[in-house]
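In what follows, a single structure is set out as structure tokens and then discussed.
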Protein chains: 2
Amino acid sequence: MPAYRLHCFAQSGNAYKVALYMSCAGLEWEPVFVDYMTGATRDPAWRARVNPMGEVPVLEADGKRLTQSGAILLWLAEKTRKMAPGTEDERYEALRWILFDNHKFTSYFATYRFLRSFAPQEPDPAVMAFLKTRADGALGIVNEHLTKTPFVLGPEPTIADFSLAGYMFFPEAEHGYDFETSHRSIFTWTQRLKALPGWKDPYDLLPGERIAPRGAARA
Amino acid sequence: MPAYRLHCFAQSGNAYKVALYMSCAGLEWEPVFVDYMTGATRDPAWRARVNPMGEVPVLEADGKRLTQSGAILLWLAEKTRKMAPGTEDERYEALRWILFDNHKFTSYFATYRFLRSFAPQEPDPAVMAFLKTRADGALGIVNEHLTKTPFVLGPEPTIADFSLAGYMFFPEAEHGYDFETSHRSIFTWTQRLKALPGWKDPYDLLPGERIAPRGAARA
């Protein structure tokens with residue numbers, strides 16, 4: 001049995017952050033499919049059994065259940081030392097970017113993509129404009145940072161890259177951004193990550209069917 | 001000169017998280033006022049000089065500039081050992097709750113409060129409804145957790161409490177929640193935190209003038 005079991009589904013960039021890290025780090029893991037799209041994580045029984053925070057991903061490891069992708073990445077890096085921040089300053093810097101990712105970057109971008117493509121109802125245009133403005137602010141800060149460095153912490157990829165890049169590999173039809181045009185440094189950074197051994201597309205790495213994004217009809 | 005200088009302003013719950021921790025931990029610190037409300041953090045010169053992420057708080061310590069309240073709290077706890085998570089499991093648990101705070105709890109609640117009370121224009125009702133639904137989801141998860149434990153990690157307060165409680169001490173007129181009625185466990189938890197030596201109201205602890213919340217007129 002693999003050392004790691006990841007509760008996940010294909011549309012979750014937060015699950016993909018952990019899965020892609022494990023794939024590129026060469027760790028043995030297996031996915032456990034969570035049927036999020038039909039409400040599995042809102043079921044009180046699922047919350048009681050797997051995660052009271054109601055969130056995916058959940059990593060089973062060493063008899064524990066770990067949640068929050070950023071905490072899982074920091075835990076895995078500390079345990080395996082693969083693509084781990086080296087010095088104390090680097091560890092703090094990774095933590096800072098992972099928090100920024102959760103606070104400002106993934107939070108708005110991922111929610112924008114979800115409402116645009118997968119929410120049951122067509123979202124309110126004012127909500128979409130609000131989320132896009134916030135996502136654009138965070139994308140600009142990351143893009144600017146990546147003009148100065150090949151990866152988030154320097155010349156080598158670390159867990160900070162896997163956290164921040166988690167939603168960048170989903171198709172343009174889902175989120176509406178063509179990074180090659182709009183955010184050139186983010187685009188070249190994603191190309192560097194794609195070149196890592198073990199890199200896989202989210203829909204090849206994670207279980208669950210593809211869902212045609214509603215946004216595709218509007219694009 | 002105090003060992004710590006915190007760039008902050010009174011309306012910032014994220015700055016308050018760090019300031020309140022330092023106050024309760026008995027650390028020597030001084031505030032540096034940031035005139036956020038008139039756009040100081042959007043000024044490229046401020047970003048270049050203080051924080052390229054454009055965010056408050058920023059902590060000056062050991063010749064470094066630290067940002068992101070969660071990263072600062074983890075850094076301070078590791079350095080000072082005050083109200084620090086003890087075991088490795090506790091450290092991971094603190095990290096998980098601090099990430100949850102940034103991702104789901106503060107992010108929506110703080111933005112809801114800001115738009116409701118301090119944004120230049122009256123916010124769009126659809127945006128407010130969206131943020132309130134998300135804030136309520138996160139408040140419910142924290143409230144439920146606090147039915148089982150006096151503080152987030154157990155019987156004693158840690159940095160996880162200071163992170164999650166950062167926005168809970170602002171007046172009801174600003175955010176519209178009466179926690180004593182709506183979220184009883186959160187309310188009793190805030191009373192426990194208020195009883196700690198060093199606890200101060202955000203408007204007593206941080207520099208900057210009070211601003212009458214627009215929400216007060218509507219309440």
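Order determines the names: the first chain of the structure tokens is A, the second B, and so forth; residues in each chain are numbered 1 upward, and ligands are numbered 1 upward as they are shown.
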
Would you list which chain A residues are within 9 Å of chain B using only C-alpha atoms, as a ChimeraX atom specification?
/A:52-54,66-72,74-75,92-93,95-104,106-107,124-128,130,138,141-142,145

Can you give chain B as a compact mmCIF listing (two decimals) with C-alpha atoms, in the first residue's frame after you superpose it on chain A, pairing all C-alpha atoms in order for the least-squares fit?
# COMPACT_ATOMS: atom_id res chain seq x y z
CA MET B 1 0.02 0.00 -0.02
CA PRO B 2 1.39 3.46 -0.89
CA ALA B 3 2.52 5.61 2.03
CA TYR B 4 0.12 8.39 1.07
CA ARG B 5 -3.58 8.44 0.22
CA LEU B 6 -5.02 11.69 -1.12
CA HIS B 7 -8.75 12.45 -1.00
CA CYS B 8 -9.21 14.49 -4.15
CA PHE B 9 -11.03 15.19 -7.42
CA ALA B 10 -9.88 16.46 -10.81
CA GLN B 11 -11.35 19.98 -10.68
CA SER B 12 -9.67 20.81 -7.35
CA GLY B 13 -6.52 22.85 -7.83
CA ASN B 14 -5.93 22.60 -4.09
CA ALA B 15 -5.82 18.80 -4.38
CA TYR B 16 -3.66 19.14 -7.50
CA LYS B 17 -1.08 21.22 -5.57
CA VAL B 18 -0.39 18.23 -3.31
CA ALA B 19 -0.78 15.56 -6.01
CA LEU B 20 1.59 17.33 -8.42
CA TYR B 21 4.14 17.82 -5.66
CA MET B 22 4.01 14.11 -4.77
CA SER B 23 4.27 13.17 -8.44
CA CYS B 24 7.29 15.43 -9.09
CA ALA B 25 8.90 14.41 -5.77
CA GLY B 26 8.55 10.74 -6.76
CA LEU B 27 6.46 9.79 -3.72
CA GLU B 28 4.22 6.71 -3.76
CA TRP B 29 0.59 7.74 -3.38
CA GLU B 30 -2.91 6.78 -4.39
CA PRO B 31 -5.99 8.92 -4.96
CA VAL B 32 -9.32 8.50 -3.15
CA PHE B 33 -12.06 10.08 -5.26
CA VAL B 34 -14.33 12.59 -3.52
CA ASP B 35 -17.53 13.37 -5.40
CA TYR B 36 -17.41 17.08 -4.56
CA MET B 37 -19.52 18.18 -7.48
CA THR B 38 -22.54 16.32 -6.14
CA GLY B 39 -22.04 17.63 -2.61
CA ALA B 40 -19.98 14.90 -0.89
CA THR B 41 -18.03 17.38 1.27
CA ARG B 42 -21.22 19.07 2.51
CA ASP B 43 -22.51 15.75 3.86
CA PRO B 44 -22.23 15.77 7.69
CA ALA B 45 -21.22 12.09 7.64
CA TRP B 46 -18.30 12.85 5.30
CA ARG B 47 -17.29 15.78 7.49
CA ALA B 48 -17.39 13.62 10.62
CA ARG B 49 -15.46 10.80 8.98
CA VAL B 50 -12.92 12.65 6.82
CA ASN B 51 -12.69 16.41 7.50
CA PRO B 52 -14.79 18.63 9.79
CA MET B 53 -13.57 21.66 7.79
CA GLY B 54 -15.46 20.22 4.82
CA GLU B 55 -12.50 20.61 2.51
CA VAL B 56 -10.51 18.67 -0.06
CA PRO B 57 -7.66 17.73 -0.17
CA VAL B 58 -7.18 15.43 2.79
CA LEU B 59 -3.95 13.45 2.99
CA GLU B 60 -3.77 10.20 4.94
CA ALA B 61 -0.21 9.63 6.13
CA ASP B 62 1.39 8.06 9.19
CA GLY B 63 -2.09 7.26 10.55
CA LYS B 64 -3.03 10.95 10.49
CA ARG B 65 -5.47 12.89 8.35
CA LEU B 66 -3.88 16.13 7.20
CA THR B 67 -5.81 19.00 5.62
CA GLN B 68 -5.21 22.41 4.01
CA SER B 69 -2.93 22.05 0.99
CA GLY B 70 -0.38 24.54 2.34
CA ALA B 71 -0.04 22.73 5.65
CA ILE B 72 0.20 19.39 3.83
CA LEU B 73 2.95 20.70 1.52
CA LEU B 74 4.94 22.06 4.46
CA TRP B 75 4.47 18.78 6.34
CA LEU B 76 5.54 16.65 3.35
CA ALA B 77 8.57 18.83 2.59
CA GLU B 78 9.73 18.63 6.19
CA LYS B 79 9.27 14.86 6.25
CA THR B 80 10.70 13.96 2.84
CA ARG B 81 13.09 16.94 2.29
CA LYS B 82 12.08 16.84 -1.39
CA MET B 83 11.92 20.33 -2.91
CA ALA B 84 11.95 21.66 0.63
CA PRO B 85 13.07 25.17 1.54
CA GLY B 86 16.66 24.86 2.72
CA THR B 87 17.56 27.57 5.20
CA GLU B 88 15.42 29.06 7.96
CA ASP B 89 14.95 32.19 5.83
CA GLU B 90 13.80 30.10 2.89
CA ARG B 91 11.39 28.19 5.08
CA TYR B 92 9.86 31.46 6.25
CA GLU B 93 9.77 32.75 2.66
CA ALA B 94 7.96 29.59 1.50
CA LEU B 95 5.45 29.98 4.31
CA ARG B 96 4.86 33.62 3.40
CA TRP B 97 4.15 32.80 -0.24
CA ILE B 98 1.95 29.84 0.68
CA LEU B 99 -0.07 32.10 2.97
CA PHE B 100 -0.26 34.76 0.26
CA ASP B 101 -1.46 32.06 -2.13
CA ASN B 102 -4.25 30.98 0.19
CA HIS B 103 -5.19 34.49 1.23
CA LYS B 104 -5.10 36.40 -2.03
CA PHE B 105 -4.10 34.34 -5.03
CA THR B 106 -5.80 30.95 -5.18
CA SER B 107 -8.72 32.12 -3.08
CA TYR B 108 -10.00 34.65 -5.61
CA PHE B 109 -8.74 33.00 -8.80
CA ALA B 110 -10.09 29.56 -7.89
CA THR B 111 -13.45 30.91 -6.81
CA TYR B 112 -13.69 32.99 -9.98
CA ARG B 113 -12.98 29.90 -12.11
CA PHE B 114 -15.41 27.74 -10.14
CA LEU B 115 -18.31 30.18 -10.42
CA ARG B 116 -17.51 30.90 -14.07
CA SER B 117 -17.40 27.28 -15.16
CA PHE B 118 -18.89 24.87 -12.63
CA ALA B 119 -21.39 26.57 -10.32
CA PRO B 120 -24.96 25.30 -10.74
CA GLN B 121 -26.28 28.79 -11.51
CA GLU B 122 -24.88 31.50 -13.72
CA PRO B 123 -23.01 33.76 -11.28
CA ASP B 124 -23.88 37.37 -10.60
CA PRO B 125 -21.80 39.69 -12.83
CA ALA B 126 -21.00 41.98 -9.87
CA VAL B 127 -19.57 39.04 -7.91
CA MET B 128 -17.52 37.98 -10.91
CA ALA B 129 -16.18 41.50 -11.42
CA PHE B 130 -15.29 41.69 -7.72
CA LEU B 131 -13.42 38.36 -7.80
CA LYS B 132 -11.67 39.17 -11.08
CA THR B 133 -10.36 42.49 -9.76
CA ARG B 134 -8.94 40.73 -6.70
CA ALA B 135 -7.53 37.84 -8.75
CA ASP B 136 -5.89 40.30 -11.15
CA GLY B 137 -4.24 42.14 -8.25
CA ALA B 138 -2.73 38.92 -6.92
CA LEU B 139 -1.74 37.67 -10.40
CA GLY B 140 0.07 40.95 -10.99
CA ILE B 141 2.07 40.58 -7.76
CA VAL B 142 3.10 37.01 -8.57
CA ASN B 143 3.88 37.90 -12.21
CA GLU B 144 6.08 40.80 -11.10
CA HIS B 145 7.91 38.57 -8.59
CA LEU B 146 8.56 35.99 -11.32
CA THR B 147 10.25 38.56 -13.56
CA LYS B 148 13.14 38.35 -11.07
CA THR B 149 13.45 34.64 -10.38
CA PRO B 150 12.84 31.38 -12.28
CA PHE B 151 10.98 29.80 -9.37
CA VAL B 152 9.28 31.43 -6.39
CA LEU B 153 12.20 31.04 -3.96
CA GLY B 154 15.07 31.11 -6.47
CA PRO B 155 16.73 28.87 -9.05
CA GLU B 156 15.07 25.62 -7.92
CA PRO B 157 11.41 24.63 -7.53
CA THR B 158 10.03 24.25 -3.99
CA ILE B 159 6.67 23.64 -2.35
CA ALA B 160 5.92 27.37 -2.78
CA ASP B 161 5.76 26.84 -6.56
CA PHE B 162 3.40 23.87 -6.22
CA SER B 163 1.10 25.90 -4.00
CA LEU B 164 0.97 29.00 -6.20
CA ALA B 165 0.80 27.08 -9.50
CA GLY B 166 -2.04 24.79 -8.46
CA TYR B 167 -4.71 26.53 -10.53
CA MET B 168 -2.49 27.71 -13.38
CA PHE B 169 -2.64 24.46 -15.38
CA PHE B 170 -6.39 24.25 -15.83
CA PRO B 171 -7.59 25.07 -19.35
CA GLU B 172 -8.19 28.65 -20.43
CA ALA B 173 -11.79 27.65 -21.20
CA GLU B 174 -12.35 27.23 -17.45
CA HIS B 175 -10.79 30.45 -16.12
CA GLY B 176 -10.62 32.67 -19.19
CA TYR B 177 -6.95 33.69 -18.86
CA ASP B 178 -4.39 33.30 -21.63
CA PHE B 179 -1.29 33.75 -19.46
CA GLU B 180 1.05 33.75 -22.45
CA THR B 181 -0.51 37.09 -23.39
CA SER B 182 -1.70 38.48 -20.08
CA HIS B 183 1.01 37.40 -17.58
CA ARG B 184 4.17 36.49 -19.42
CA SER B 185 6.31 35.66 -16.35
CA ILE B 186 3.63 33.37 -14.97
CA PHE B 187 3.44 31.67 -18.36
CA THR B 188 7.19 31.00 -18.60
CA TRP B 189 7.19 29.79 -14.98
CA THR B 190 4.44 27.28 -15.77
CA GLN B 191 6.52 26.08 -18.74
CA ARG B 192 9.46 25.50 -16.38
CA LEU B 193 7.21 23.52 -14.05
CA LYS B 194 5.79 21.50 -16.96
CA ALA B 195 9.35 20.45 -17.82
CA LEU B 196 9.89 18.82 -14.41
CA PRO B 197 9.99 15.00 -14.34
CA GLY B 198 6.67 13.81 -12.94
CA TRP B 199 4.61 16.78 -14.16
CA LYS B 200 1.12 15.80 -15.27
CA ASP B 201 -1.99 17.68 -16.31
CA PRO B 202 -4.59 17.86 -13.50
CA TYR B 203 -7.06 15.80 -15.53
CA ASP B 204 -4.46 13.08 -16.01
CA LEU B 205 -3.26 13.10 -12.42
CA LEU B 206 -6.52 13.26 -10.45
CA PRO B 207 -9.65 11.09 -10.55
CA GLY B 208 -13.07 12.27 -11.70
CA GLU B 209 -14.67 13.08 -15.00
CA ARG B 210 -14.05 16.19 -16.99
CA ILE B 211 -16.98 18.59 -16.90
CA ALA B 212 -17.52 20.94 -19.82
CA PRO B 213 -17.08 24.45 -18.42
CA ARG B 214 -20.06 26.72 -18.84
CA GLY B 215 -17.58 29.50 -19.66
CA ALA B 216 -16.65 27.74 -22.91
CA ALA B 217 -20.00 28.64 -24.40
CA ARG B 218 -19.45 32.29 -23.57
CA ALA B 219 -15.82 32.60 -24.63

Picked from region 49-134 of chain A by DSSP as helix (DSSP H, G or I), as a ChimeraX atom specification:
/A:49,69-80,88-117,125-134

Those same residues - N, CA and C atoms - I'd like them written as a short mmCIF file (atom, residue, chain, number, x, y, z; two decimals), in the first residue's frame.
data_model
loop_
_atom_site.label_atom_id
_atom_site.label_comp_id
_atom_site.auth_asym_id
_atom_site.auth_seq_id
_atom_site.Cartn_x
_atom_site.Cartn_y
_atom_site.Cartn_z
N ARG A 49 -16.37 11.93 9.23
CA ARG A 49 -15.47 10.82 8.96
C ARG A 49 -14.12 11.29 8.41
N SER A 69 -4.05 22.39 1.90
CA SER A 69 -2.95 22.05 0.99
C SER A 69 -1.61 22.66 1.43
N GLY A 70 -1.64 23.90 1.92
CA GLY A 70 -0.38 24.54 2.32
C GLY A 70 0.26 23.84 3.50
N ALA A 71 -0.57 23.45 4.47
CA ALA A 71 -0.05 22.73 5.64
C ALA A 71 0.47 21.36 5.22
N ILE A 72 -0.24 20.71 4.30
CA ILE A 72 0.20 19.39 3.83
C ILE A 72 1.55 19.51 3.10
N LEU A 73 1.68 20.51 2.24
CA LEU A 73 2.95 20.69 1.51
C LEU A 73 4.11 20.94 2.48
N LEU A 74 3.88 21.79 3.48
CA LEU A 74 4.94 22.06 4.45
C LEU A 74 5.28 20.80 5.24
N TRP A 75 4.27 20.03 5.59
CA TRP A 75 4.48 18.78 6.33
C TRP A 75 5.27 17.78 5.49
N LEU A 76 4.85 17.61 4.23
CA LEU A 76 5.54 16.66 3.35
C LEU A 76 6.98 17.07 3.08
N ALA A 77 7.19 18.36 2.88
CA ALA A 77 8.56 18.83 2.59
C ALA A 77 9.47 18.60 3.79
N GLU A 78 8.92 18.83 4.98
CA GLU A 78 9.72 18.63 6.19
C GLU A 78 10.05 17.14 6.37
N LYS A 79 9.08 16.31 6.04
CA LYS A 79 9.25 14.87 6.25
C LYS A 79 10.17 14.24 5.19
N THR A 80 9.97 14.63 3.93
CA THR A 80 10.69 13.97 2.84
C THR A 80 11.95 14.73 2.41
N GLU A 88 16.54 28.55 7.17
CA GLU A 88 15.42 29.07 7.97
C GLU A 88 14.74 30.22 7.22
N ASP A 89 15.53 31.09 6.60
CA ASP A 89 14.95 32.19 5.84
C ASP A 89 14.10 31.68 4.67
N GLU A 90 14.57 30.64 4.02
CA GLU A 90 13.80 30.08 2.90
C GLU A 90 12.51 29.44 3.39
N ARG A 91 12.57 28.82 4.55
CA ARG A 91 11.38 28.19 5.10
C ARG A 91 10.33 29.25 5.41
N TYR A 92 10.79 30.37 5.97
CA TYR A 92 9.87 31.47 6.25
C TYR A 92 9.31 32.04 4.94
N GLU A 93 10.18 32.17 3.95
CA GLU A 93 9.77 32.74 2.66
C GLU A 93 8.74 31.83 1.98
N ALA A 94 8.94 30.53 2.06
CA ALA A 94 7.96 29.58 1.50
C ALA A 94 6.62 29.73 2.20
N LEU A 95 6.67 29.81 3.51
CA LEU A 95 5.46 29.97 4.32
C LEU A 95 4.70 31.24 3.93
N ARG A 96 5.44 32.32 3.76
CA ARG A 96 4.86 33.61 3.40
C ARG A 96 4.14 33.53 2.05
N TRP A 97 4.78 32.91 1.07
CA TRP A 97 4.15 32.80 -0.25
C TRP A 97 2.98 31.83 -0.22
N ILE A 98 3.08 30.77 0.57
CA ILE A 98 1.96 29.83 0.67
C ILE A 98 0.76 30.52 1.34
N LEU A 99 1.03 31.34 2.34
CA LEU A 99 -0.07 32.10 2.96
C LEU A 99 -0.64 33.12 1.98
N PHE A 100 0.22 33.82 1.26
CA PHE A 100 -0.27 34.76 0.25
C PHE A 100 -1.13 34.02 -0.77
N ASP A 101 -0.68 32.86 -1.18
CA ASP A 101 -1.45 32.06 -2.14
C ASP A 101 -2.86 31.80 -1.60
N ASN A 102 -2.94 31.31 -0.37
CA ASN A 102 -4.25 30.98 0.19
C ASN A 102 -5.11 32.20 0.45
N HIS A 103 -4.47 33.28 0.82
CA HIS A 103 -5.18 34.49 1.23
C HIS A 103 -5.67 35.30 0.02
N LYS A 104 -4.82 35.42 -0.98
CA LYS A 104 -5.10 36.39 -2.03
C LYS A 104 -5.08 35.84 -3.45
N PHE A 105 -4.36 34.76 -3.65
CA PHE A 105 -4.10 34.33 -5.03
C PHE A 105 -5.08 33.23 -5.42
N THR A 106 -4.87 32.04 -4.90
CA THR A 106 -5.80 30.94 -5.18
C THR A 106 -7.22 31.30 -4.78
N SER A 107 -7.38 31.89 -3.60
CA SER A 107 -8.73 32.13 -3.08
C SER A 107 -9.61 32.82 -4.11
N TYR A 108 -9.16 33.93 -4.66
CA TYR A 108 -10.00 34.66 -5.61
C TYR A 108 -10.00 34.00 -6.99
N PHE A 109 -8.83 33.59 -7.45
CA PHE A 109 -8.74 33.00 -8.80
C PHE A 109 -9.55 31.71 -8.88
N ALA A 110 -9.40 30.86 -7.89
CA ALA A 110 -10.08 29.56 -7.91
C ALA A 110 -11.60 29.73 -7.79
N THR A 111 -12.02 30.68 -6.97
CA THR A 111 -13.45 30.91 -6.81
C THR A 111 -14.03 31.50 -8.09
N TYR A 112 -13.28 32.41 -8.70
CA TYR A 112 -13.69 32.99 -9.98
C TYR A 112 -13.89 31.89 -11.02
N ARG A 113 -12.90 31.00 -11.15
CA ARG A 113 -12.98 29.90 -12.12
C ARG A 113 -14.17 28.98 -11.79
N PHE A 114 -14.33 28.66 -10.52
CA PHE A 114 -15.40 27.73 -10.15
C PHE A 114 -16.77 28.32 -10.51
N LEU A 115 -16.99 29.56 -10.12
CA LEU A 115 -18.30 30.17 -10.41
C LEU A 115 -18.50 30.33 -11.91
N ARG A 116 -17.44 30.69 -12.61
CA ARG A 116 -17.52 30.90 -14.06
C ARG A 116 -17.88 29.63 -14.80
N SER A 117 -17.29 28.50 -14.35
CA SER A 117 -17.40 27.28 -15.15
C SER A 117 -18.24 26.17 -14.54
N PRO A 125 -22.94 38.94 -12.18
CA PRO A 125 -21.82 39.67 -12.81
C PRO A 125 -21.04 40.55 -11.83
N ALA A 126 -21.72 41.12 -10.84
CA ALA A 126 -21.01 41.97 -9.87
C ALA A 126 -20.04 41.14 -9.03
N VAL A 127 -20.45 39.93 -8.67
CA VAL A 127 -19.57 39.04 -7.90
C VAL A 127 -18.37 38.65 -8.76
N MET A 128 -18.62 38.35 -10.03
CA MET A 128 -17.52 37.97 -10.92
C MET A 128 -16.54 39.13 -11.11
N ALA A 129 -17.07 40.33 -11.25
CA ALA A 129 -16.19 41.50 -11.43
C ALA A 129 -15.36 41.72 -10.17
N PHE A 130 -15.99 41.56 -9.01
CA PHE A 130 -15.28 41.69 -7.73
C PHE A 130 -14.14 40.68 -7.63
N LEU A 131 -14.46 39.41 -7.91
CA LEU A 131 -13.43 38.36 -7.81
C LEU A 131 -12.32 38.58 -8.83
N LYS A 132 -12.68 39.00 -10.04
CA LYS A 132 -11.67 39.18 -11.09
C LYS A 132 -10.71 40.31 -10.73
N THR A 133 -11.23 41.38 -10.19
CA THR A 133 -10.37 42.50 -9.78
C THR A 133 -9.35 42.03 -8.74
N ARG A 134 -9.84 41.25 -7.77
CA ARG A 134 -8.95 40.74 -6.71
C ARG A 134 -7.95 39.73 -7.28
#
